[in-house]
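Accompanying notes for the structure given below.
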Amino acid sequence: MTSYPVFVLRRFGQFLLVVFLGISATFFITHMTPIDPVEESIGTIQQMGQSDPRAVELMRQSLRELYGLEGTIWQQYLHFWGRLATGDLGPSLSAFPTPVSAIIARALPWTIGLMTVSVILTFILGNMIGALAGYYRKSAVLKAVSLVFIAMQPIPYYILAFVLIILFGYVWPILPINGGYEMNTNLNLSVTLVLDILRHSILPALSLILVGTGGWLIGMRALVSNIITEDYVVFAELGGVPKRKILRSYIARNAMVPQFTGLAMSLGAVFNGTVITEIVFGYPGIGNLLISAVHAGDYSLVLGLSALSIVGVAAAVFIIDILGPLIDPRIKVE
């Protein structure tokens with residue numbers, strides 16, 4: 001029998017290995033792209049009138065040194081890990097000399113706010129409807145509501161996003177369809193700014209909620225359908241226990257354990273699902289930033305965003321693994 005501390009250490013070692021391999025793979029993939037950020041910068045400077053070959057060559061050497069692109073790919077790789085170990089993600093290649101960490105810090109709160117609220121609301125809505133639909137299987141209303149959400153689940157985010165834009169931006173223009181706030185808005189914290197940000201987040205969040213609820217609903221309904229056949233539920237019903245108490249205390253509580261695992265995974269990968277949504281709505285978050293960095297060949301920014309995603313997902317899996325035996329006694333640490 002493996003002790004719990006040994007189990008935690010083993011899982012932590014797996015966490016470090018996943019992070020190392022994931023970030024390493026991202027490093028080599030980004031450096032295989034045909035876009036050279038140094039040459040992109042040189043081309044931009046030459047368009048501004050600088051054409052002296054010696055000055056251009058000196059500038060090229062300086063930029064490669066500043067961007068950390070000198071030497072072989074393996075030397076760059078070791079240099080990258082050396083900087084990353086100190087928390088230095090380096091300067092952005094497309095917005096030099098702004099640090100990558102500063103650019104990510106500006107975009108991250110937008111994505112965290114949008115995705116966290118959307119995931120939690122989707123989780124609550126999907127599990128509530130799924131639990132009710134699984135227990136009250138003869139309810140026509142619950143069947144109809146479930147059918148609507150399940151039918152929307154296979155719809156791509158961008159299709160539903162465009163439908164919402166047309167509906168609430170043109171047919172019934174009551175909500176903003178682009179950006180995170182109105183142009184020329186004073187960004188000092190105020191009630192006006194908060195309300196403006198909330199209005200701009202409604203449509204992106206709604207597109208994520210409508211598409212994501214069906215998955216939680218299906219999972220919860222299946223779990224409840226299995227649990228209601230258990231002996232303790234049957235005996236509770238025969239004993240005259242109120243249906244609400246059976247659903248709340250006997251069924252939903254047991255069905256929520258695997259659902260919370262999925263919730264932790266969703267929160268760990270908080271910005272992975274926002275790329276398309278943020279592009280469609282022009283939302284100033286991580287997804288939009290990642291696409292811009294890829295188009296600009298900004299290795300440093302792509303690596304910084306990818307590292308953040310990899311660490312987030314790996315950390316979520318690690319936390320789920322070590323909390324599992326504490327939450328559910330049926331899970332063994334062997």
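Going through the structure tokens in order, the chains are called A, B, and so on, while each chain numbers its residues from 1 and the ligands are numbered from 1 in the order shown.
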TODO: Find the residues around Pro284 of chain A up to 10 Å (only C-alpha atoms counted), leave out those fewer than 5 positions away in its own chain, and share them as an NGL selection string.
DONE: :A and (106-111 or 178-181 or 278-279 or 289)
TODO: Write down as a ChimeraX atom specification the residues of segment 125-185 of chain A whose backbone DSSP state falls under helix (DSSP H, G or I).
DONE: /A:125-135,140-152,157-171
- [ ] Choose the residue, out of A:Leu223, A:Met152, A:Ala255, A:Ile103, that has the smallest atom-to-atom separation from Leu305 of chain A; count only C-alpha atoms.
- [x]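 Of A:Leu223, A:Met152, A:Ala255, A:Ile103, the one nearest Leu305 of chain A, counting only C-alpha atoms, is A:Ile103.
Shortest atom-to-atom contact with Leu164 of chain A among A:Gly287, A:Ile112, A:Val280, A:Lys243: A:Val280, counting only C-alpha atoms.
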Open item on the list: For a test of reading the model, state the distance in Å between atom CA of Thr277 of chain A and atom CA of Phe162 of chain A, rounded to one decimal.
Closed with: 9.8 Å
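Counting only C-alpha atoms, the residue from A:Thr229, A:Ser190, A:Ser139, A:Asn127 that sits nearest to Val257 of chain A is A:Asn127.
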- [ ] Rank A:Ser24, A:Thr213, A:Thr30, A:Gln75 by their smallest atom-to-atom distance to His295 of chain A, using only C-alpha atoms, and report the top residue only.
- [x] A:Thr30
- [ ] Quote the spacing between atom CA of Phe281 of chain A and atom CA of Arg199 of chain A in Å to one decimal place.
- [x]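 Those two atoms sit 12.5 Å apart.
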TODO: Kindly give the distance, in Å, that separates atom CA of Ser201 of chain A and atom CA of Leu114 of chain A, rounded to a single decimal.
DONE: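 Calculated distance between atom CA of Ser201 of chain A and atom CA of Leu114 of chain A is 6.8 Å.
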TODO: Tell me which protein, DNA and RNA residues are within 12 Å of Ile174 of chain A, counting only C-alpha atoms, leaving out same-chain ones fewer than 3 positions away, and put them as a PyMOL selection string.
DONE: chain A and resi 164-171+177+199-200+202-203
